[in-house]
>>> print(open('query_14.cif').read())   # mmCIF, C-alpha atoms
data_my_file
loop_
_atom_site.group_PDB
_atom_site.id
_atom_site.type_symbol
_atom_site.label_atom_id
_atom_site.label_comp_id
_atom_site.auth_asym_id
_atom_site.auth_seq_id
_atom_site.Cartn_x
_atom_site.Cartn_y
_atom_site.Cartn_z
ATOM 1 C CA MET A 1 43.470 -65.496 25.724
ATOM 2 C CA ASN A 2 47.017 -65.005 24.518
ATOM 3 C CA THR A 3 48.184 -61.610 23.402
ATOM 4 C CA LEU A 4 49.465 -61.095 19.893
ATOM 5 C CA THR A 5 51.897 -58.686 18.383
ATOM 6 C CA LEU A 6 50.425 -56.471 15.716
ATOM 7 C CA SER A 7 52.429 -58.417 13.141
ATOM 8 C CA GLN A 8 51.034 -61.732 14.400
ATOM 9 C CA PHE A 9 47.499 -60.352 14.344
ATOM 10 C CA ASN A 10 47.929 -59.020 10.819
ATOM 11 C CA SER A 11 49.246 -62.433 9.708
ATOM 12 C CA LEU A 12 46.438 -64.565 11.139
ATOM 13 C CA PRO A 13 44.333 -66.541 8.682
ATOM 14 C CA MET A 14 40.934 -64.895 8.145
ATOM 15 C CA LYS A 15 39.030 -67.406 10.300
ATOM 16 C CA ASP A 16 41.460 -67.045 13.207
ATOM 17 C CA ALA A 17 41.411 -63.251 12.984
ATOM 18 C CA GLN A 18 37.614 -63.294 13.059
ATOM 19 C CA GLU A 19 37.659 -65.582 16.079
ATOM 20 C CA VAL A 20 39.958 -63.358 18.138
ATOM 21 C CA LEU A 21 38.088 -60.225 17.061
ATOM 22 C CA THR A 22 34.826 -61.822 18.202
ATOM 23 C CA HIS A 23 36.337 -62.019 21.693
ATOM 24 C CA CYS A 24 36.633 -58.225 21.583
ATOM 25 C CA CYS A 25 33.201 -57.469 20.136
ATOM 26 C CA GLY A 26 30.326 -59.799 19.327
ATOM 27 C CA SER A 27 28.963 -57.843 16.372
ATOM 28 C CA HIS A 28 29.387 -59.926 13.223
ATOM 29 C CA GLN A 29 29.502 -56.771 11.078
ATOM 30 C CA TRP A 30 32.203 -55.183 13.261
ATOM 31 C CA VAL A 31 34.284 -58.384 13.111
ATOM 32 C CA GLN A 32 33.956 -58.683 9.321
ATOM 33 C CA LYS A 33 34.848 -55.049 8.705
ATOM 34 C CA MET A 34 37.818 -55.092 11.108
ATOM 35 C CA GLU A 35 39.185 -58.274 9.564
ATOM 36 C CA LYS A 36 38.960 -56.809 6.050
ATOM 37 C CA LEU A 37 41.017 -53.753 7.057
ATOM 38 C CA ARG A 38 44.050 -55.834 7.952
ATOM 39 C CA PRO A 39 46.951 -55.324 7.828
ATOM 40 C CA PHE A 40 46.969 -52.400 10.234
ATOM 41 C CA SER A 41 49.987 -50.104 10.231
ATOM 42 C CA ASP A 42 49.980 -49.557 13.996
ATOM 43 C CA LEU A 43 47.833 -49.857 17.103
ATOM 44 C CA SER A 44 46.430 -46.386 16.629
ATOM 45 C CA ALA A 45 44.983 -47.533 13.303
ATOM 46 C CA VAL A 46 43.422 -50.572 15.010
ATOM 47 C CA PHE A 47 41.738 -48.437 17.663
ATOM 48 C CA SER A 48 40.568 -45.664 15.344
ATOM 49 C CA SER A 49 39.230 -48.209 12.838
ATOM 50 C CA SER A 50 37.408 -50.021 15.621
ATOM 51 C CA SER A 51 35.663 -46.847 16.751
ATOM 52 C CA GLU A 52 34.862 -45.708 13.235
ATOM 53 C CA ILE A 53 33.331 -49.066 12.337
ATOM 54 C CA TRP A 54 31.462 -49.338 15.634
ATOM 55 C CA ASN A 55 29.890 -45.915 15.301
ATOM 56 C CA GLY A 56 28.784 -46.708 11.741
ATOM 57 C CA LEU A 57 26.872 -49.850 12.693
ATOM 58 C CA THR A 58 23.138 -50.211 13.176
ATOM 59 C CA GLN A 59 21.365 -50.557 16.498
ATOM 60 C CA GLU A 60 20.762 -54.216 15.644
ATOM 61 C CA ASP A 61 24.522 -54.715 15.255
ATOM 62 C CA TRP A 62 25.038 -53.053 18.635
ATOM 63 C CA LYS A 63 22.430 -55.312 20.240
ATOM 64 C CA GLU A 64 24.148 -58.341 18.735
ATOM 65 C CA ALA A 65 27.379 -57.270 20.439
ATOM 66 C CA PHE A 66 25.535 -56.732 23.744
ATOM 67 C CA SER A 67 24.221 -60.296 23.592
ATOM 68 C CA HIS A 68 27.793 -61.591 23.815
ATOM 69 C CA HIS A 69 28.149 -60.365 27.401
ATOM 70 C CA PRO A 70 27.047 -61.901 30.671
ATOM 71 C CA LYS A 71 24.721 -59.805 32.765
ATOM 72 C CA ILE A 72 26.559 -57.629 35.268
ATOM 73 C CA GLY A 73 26.833 -59.552 38.527
ATOM 74 C CA ASP A 74 25.647 -62.861 37.032
ATOM 75 C CA LEU A 75 28.709 -64.905 37.946
ATOM 76 C CA ASP A 76 27.111 -68.276 37.106
ATOM 77 C CA SER A 77 26.273 -67.109 33.576
ATOM 78 C CA LEU A 78 29.786 -65.783 33.251
ATOM 79 C CA LYS A 79 31.274 -69.180 34.012
ATOM 80 C CA LYS A 80 28.929 -71.243 31.827
ATOM 81 C CA LYS A 81 27.697 -69.414 28.759
ATOM 82 C CA PHE A 82 30.610 -67.046 28.206
ATOM 83 C CA ALA A 83 33.543 -69.423 28.660
ATOM 84 C CA SER A 84 35.424 -68.068 25.617
ATOM 85 C CA THR A 85 35.664 -64.571 27.110
ATOM 86 C CA ARG A 86 35.418 -65.666 30.738
ATOM 87 C CA VAL A 87 38.869 -64.466 31.806
ATOM 88 C CA TRP A 88 38.414 -60.987 30.370
ATOM 89 C CA ALA A 89 34.845 -60.696 31.635
ATOM 90 C CA GLU A 90 35.914 -61.853 35.108
ATOM 91 C CA GLN A 91 38.630 -59.188 35.136
ATOM 92 C CA GLU A 92 36.140 -56.571 33.956
ATOM 93 C CA GLN A 93 33.535 -57.596 36.527
ATOM 94 C CA ARG A 94 35.998 -58.074 39.381
ATOM 95 C CA GLY A 95 33.946 -55.575 41.391
ATOM 96 C CA SER A 96 31.091 -58.097 41.542
ATOM 97 C CA GLU A 97 33.190 -60.791 43.198
ATOM 98 C CA LYS A 98 33.098 -59.167 46.636
ATOM 99 C CA ALA A 99 29.554 -57.879 46.409
ATOM 100 C CA SER A 100 27.051 -58.749 49.088
ATOM 101 C CA ILE A 101 24.156 -61.059 48.310
ATOM 102 C CA ALA A 102 21.832 -58.050 48.608
ATOM 103 C CA VAL A 103 23.750 -56.114 45.938
ATOM 104 C CA LEU A 104 23.882 -59.148 43.627
ATOM 105 C CA GLN A 105 20.141 -59.655 44.074
ATOM 106 C CA ALA A 106 19.520 -55.965 43.354
ATOM 107 C CA LEU A 107 21.694 -56.263 40.224
ATOM 108 C CA ALA A 108 19.727 -59.316 39.093
ATOM 109 C CA LEU A 109 16.417 -57.491 39.591
ATOM 110 C CA GLY A 110 17.785 -54.338 37.953
ATOM 111 C CA ASN A 111 19.103 -56.343 35.009
ATOM 112 C CA GLN A 112 15.672 -57.905 34.510
ATOM 113 C CA ASN A 113 13.937 -54.528 34.727
ATOM 114 C CA TYR A 114 16.442 -53.050 32.289
ATOM 115 C CA GLU A 115 16.022 -55.889 29.798
ATOM 116 C CA ASN A 116 12.224 -55.642 30.065
ATOM 117 C CA ARG A 117 12.364 -51.879 29.453
ATOM 118 C CA PHE A 118 14.956 -51.724 26.659
ATOM 119 C CA GLY A 119 14.985 -55.218 25.125
ATOM 120 C CA TYR A 120 18.682 -55.937 25.697
ATOM 121 C CA ILE A 121 20.981 -56.480 28.665
ATOM 122 C CA PHE A 122 22.512 -53.638 30.667
ATOM 123 C CA ILE A 123 25.932 -52.833 29.214
ATOM 124 C CA VAL A 124 28.493 -50.947 31.250
ATOM 125 C CA CYS A 125 32.264 -50.860 31.061
ATOM 126 C CA ALA A 126 32.722 -52.573 34.408
ATOM 127 C CA THR A 127 36.507 -52.260 34.541
ATOM 128 C CA GLY A 128 37.468 -50.600 37.815
ATOM 129 C CA LYS A 129 33.896 -50.320 39.097
ATOM 130 C CA SER A 130 32.487 -51.903 42.244
ATOM 131 C CA ALA A 131 29.220 -53.803 42.164
ATOM 132 C CA GLU A 132 27.607 -50.940 44.053
ATOM 133 C CA GLN A 133 28.787 -48.425 41.436
ATOM 134 C CA MET A 134 27.442 -50.609 38.641
ATOM 135 C CA LEU A 135 24.124 -50.962 40.478
ATOM 136 C CA ASN A 136 23.889 -47.183 40.856
ATOM 137 C CA LEU A 137 24.594 -46.727 37.135
ATOM 138 C CA LEU A 138 22.021 -49.362 36.228
ATOM 139 C CA GLU A 139 19.359 -47.736 38.397
ATOM 140 C CA ALA A 140 20.129 -44.283 36.975
ATOM 141 C CA ARG A 141 20.086 -45.495 33.375
ATOM 142 C CA LEU A 142 16.713 -47.198 33.849
ATOM 143 C CA ARG A 143 15.258 -43.661 33.839
ATOM 144 C CA ASN A 144 16.623 -42.880 30.363
ATOM 145 C CA ASP A 145 14.443 -42.838 27.294
ATOM 146 C CA PRO A 146 15.162 -45.698 24.846
ATOM 147 C CA ALA A 147 16.792 -43.464 22.202
ATOM 148 C CA GLN A 148 19.204 -42.009 24.743
ATOM 149 C CA GLU A 149 19.916 -45.351 26.384
ATOM 150 C CA ILE A 150 20.894 -47.243 23.227
ATOM 151 C CA LYS A 151 23.528 -44.576 22.560
ATOM 152 C CA LEU A 152 24.872 -44.823 26.104
ATOM 153 C CA ALA A 153 24.969 -48.621 25.907
ATOM 154 C CA ALA A 154 26.778 -48.434 22.554
ATOM 155 C CA ALA A 155 29.344 -46.023 24.016
ATOM 156 C CA GLU A 156 29.959 -48.443 26.899
ATOM 157 C CA GLN A 157 30.372 -51.340 24.435
ATOM 158 C CA GLU A 158 32.875 -49.269 22.481
ATOM 159 C CA LYS A 159 34.946 -48.762 25.661
ATOM 160 C CA ILE A 160 34.840 -52.502 26.376
ATOM 161 C CA THR A 161 35.911 -53.318 22.826
ATOM 162 C CA LEU A 162 38.864 -50.939 22.959
ATOM 163 C CA ILE A 163 40.002 -52.350 26.307
ATOM 164 C CA ARG A 164 39.814 -55.874 24.912
ATOM 165 C CA LEU A 165 41.711 -54.880 21.762
ATOM 166 C CA GLU A 166 44.435 -53.432 24.006
ATOM 167 C CA LYS A 167 44.600 -56.755 25.858
ATOM 168 C CA LEU A 168 44.711 -58.713 22.589
ATOM 169 C CA ILE A 169 47.208 -56.792 20.470
ATOM 170 C CA HIS A 170 50.472 -55.089 21.360
ATOM 171 C CA GLU A 171 53.362 -53.704 19.346
#
>>> encode(input="query_14.cif", output="structure tokens")
Amino acid sequence: MNTLTLSQFNSLPMKDAQEVLTHCCGSHQWVQKMEKLRPFSDLSAVFSSSSEIWNGLTQEDWKEAFSHHPKIGDLDSLKKKFASTRVWAEQEQRGSEKASIAVLQALALGNQNYENRFGYIFIVCATGKSAEQMLNLLEARLRNDPAQEIKLAAAEQEKITLIRLEKLIHE
């Protein structure tokens, strides 16, 4: 994905702005609300608006955003289903590339257990984390109650969104 200046982003036609915003966050409501706030005066306004909108969304909106991510460690899914955000997701999940088969298998099992327990995929801001660290976080978060976990997952999605906005837009 190419980066845009803030001016270029502000000038995009609505459809194009929605498309690039969807690469940052898969919640339709978040995308619509962010697009309607353009033009932004500076990057700080982009980031603060993103967080404000995100934290005002419903759990269903959050789950919609989660569904736009590959499962942690699922490199085949990353390459096939998520081609539009593949480069960013590969960078974010770089820690999975060198993982042993045993760790990848444990992540796959943990992902399935997590999805069975909570009804959505495990979301973690993977940037800078090894596969082993992500596995440890997954295993620890499996012990959370559903009300606590949805908030943690949403906070991780918010981090991912902000990182992707930083990659997308610069001044």
>>> residues_around(input="query_14.cif", residues="range 63-68 of chain A", least_positions_apart="4", cutoff="10 Å", atoms="only C-alpha atoms", output="PyMOL selection string")
chain A and resi 22-30+58-59+81-82+85+119-124+150+153-154+156-158+161
>>> write_last_selection(input="query_14.cif", atoms="C-alpha atoms", output="PDB file, keeping the file's coordinate frame")
ATOM      1  CA  THR A  22      34.826 -61.822  18.202  1.00  0.00           C
ATOM      2  CA  HIS A  23      36.337 -62.019  21.693  1.00  0.00           C
ATOM      3  CA  CYS A  24      36.633 -58.225  21.583  1.00  0.00           C
ATOM      4  CA  CYS A  25      33.201 -57.469  20.136  1.00  0.00           C
ATOM      5  CA  GLY A  26      30.326 -59.799  19.327  1.00  0.00           C
ATOM      6  CA  SER A  27      28.963 -57.843  16.372  1.00  0.00           C
ATOM      7  CA  HIS A  28      29.387 -59.926  13.223  1.00  0.00           C
ATOM      8  CA  GLN A  29      29.502 -56.771  11.078  1.00  0.00           C
ATOM      9  CA  TRP A  30      32.203 -55.183  13.261  1.00  0.00           C
ATOM     10  CA  THR A  58      23.138 -50.211  13.176  1.00  0.00           C
ATOM     11  CA  GLN A  59      21.365 -50.557  16.498  1.00  0.00           C
ATOM     12  CA  LYS A  81      27.697 -69.414  28.759  1.00  0.00           C
ATOM     13  CA  PHE A  82      30.610 -67.046  28.206  1.00  0.00           C
ATOM     14  CA  THR A  85      35.664 -64.571  27.110  1.00  0.00           C
ATOM     15  CA  GLY A 119      14.985 -55.218  25.125  1.00  0.00           C
ATOM     16  CA  TYR A 120      18.682 -55.937  25.697  1.00  0.00           C
ATOM     17  CA  ILE A 121      20.981 -56.480  28.665  1.00  0.00           C
ATOM     18  CA  PHE A 122      22.512 -53.638  30.667  1.00  0.00           C
ATOM     19  CA  ILE A 123      25.932 -52.833  29.214  1.00  0.00           C
ATOM     20  CA  VAL A 124      28.493 -50.947  31.250  1.00  0.00           C
ATOM     21  CA  ILE A 150      20.894 -47.243  23.227  1.00  0.00           C
ATOM     22  CA  ALA A 153      24.969 -48.621  25.907  1.00  0.00           C
ATOM     23  CA  ALA A 154      26.778 -48.434  22.554  1.00  0.00           C
ATOM     24  CA  GLU A 156      29.959 -48.443  26.899  1.00  0.00           C
ATOM     25  CA  GLN A 157      30.372 -51.340  24.435  1.00  0.00           C
ATOM     26  CA  GLU A 158      32.875 -49.269  22.481  1.00  0.00           C
ATOM     27  CA  THR A 161      35.911 -53.318  22.826  1.00  0.00           C
TER      28      THR A 161
END
>>> resolve_selection(input="query_14.cif", expression="the PyMOL selection byres ((chain A and resi 39) around 10)", output="PDB file with C-alpha atoms, keeping the file's coordinate frame")
ATOM      1  CA  LEU A   6      50.425 -56.471  15.716  1.00  0.00           C
ATOM      2  CA  SER A   7      52.429 -58.417  13.141  1.00  0.00           C
ATOM      3  CA  PHE A   9      47.499 -60.352  14.344  1.00  0.00           C
ATOM      4  CA  ASN A  10      47.929 -59.020  10.819  1.00  0.00           C
ATOM      5  CA  SER A  11      49.246 -62.433   9.708  1.00  0.00           C
ATOM      6  CA  LEU A  12      46.438 -64.565  11.139  1.00  0.00           C
ATOM      7  CA  MET A  34      37.818 -55.092  11.108  1.00  0.00           C
ATOM      8  CA  GLU A  35      39.185 -58.274   9.564  1.00  0.00           C
ATOM      9  CA  LYS A  36      38.960 -56.809   6.050  1.00  0.00           C
ATOM     10  CA  LEU A  37      41.017 -53.753   7.057  1.00  0.00           C
ATOM     11  CA  ARG A  38      44.050 -55.834   7.952  1.00  0.00           C
ATOM     12  CA  PHE A  40      46.969 -52.400  10.234  1.00  0.00           C
ATOM     13  CA  SER A  41      49.987 -50.104  10.231  1.00  0.00           C
ATOM     14  CA  ASP A  42      49.980 -49.557  13.996  1.00  0.00           C
ATOM     15  CA  ALA A  45      44.983 -47.533  13.303  1.00  0.00           C
ATOM     16  CA  VAL A  46      43.422 -50.572  15.010  1.00  0.00           C
TER      17      VAL A  46
END
>>> residues_around(input="query_14.cif", residues="Arg117 in chain A", least_positions_apart="3", cutoff="8 Å", atoms="only C-alpha atoms", output="ChimeraX atom specification")
/A:113-114,142
>>> write_last_selection(input="query_14.cif", atoms="C-alpha atoms", output="PDB file, keeping the file's coordinate frame")
ATOM      1  CA  ASN A 113      13.937 -54.528  34.727  1.00  0.00           C
ATOM      2  CA  TYR A 114      16.442 -53.050  32.289  1.00  0.00           C
ATOM      3  CA  LEU A 142      16.713 -47.198  33.849  1.00  0.00           C
TER       4      LEU A 142
END
>>> resolve_selection(input="query_14.cif", expression="the PyMOL selection byres ((chain A and resi 170) around 7)", output="VMD selection string")
chain A and resid 4 to 6 166 168 to 169 171
>>> atom_distance(input="query_14.cif", atom1="CA of Glu60 in chain A", atom2="CA of Ala147 in chain A")
13.2 Å
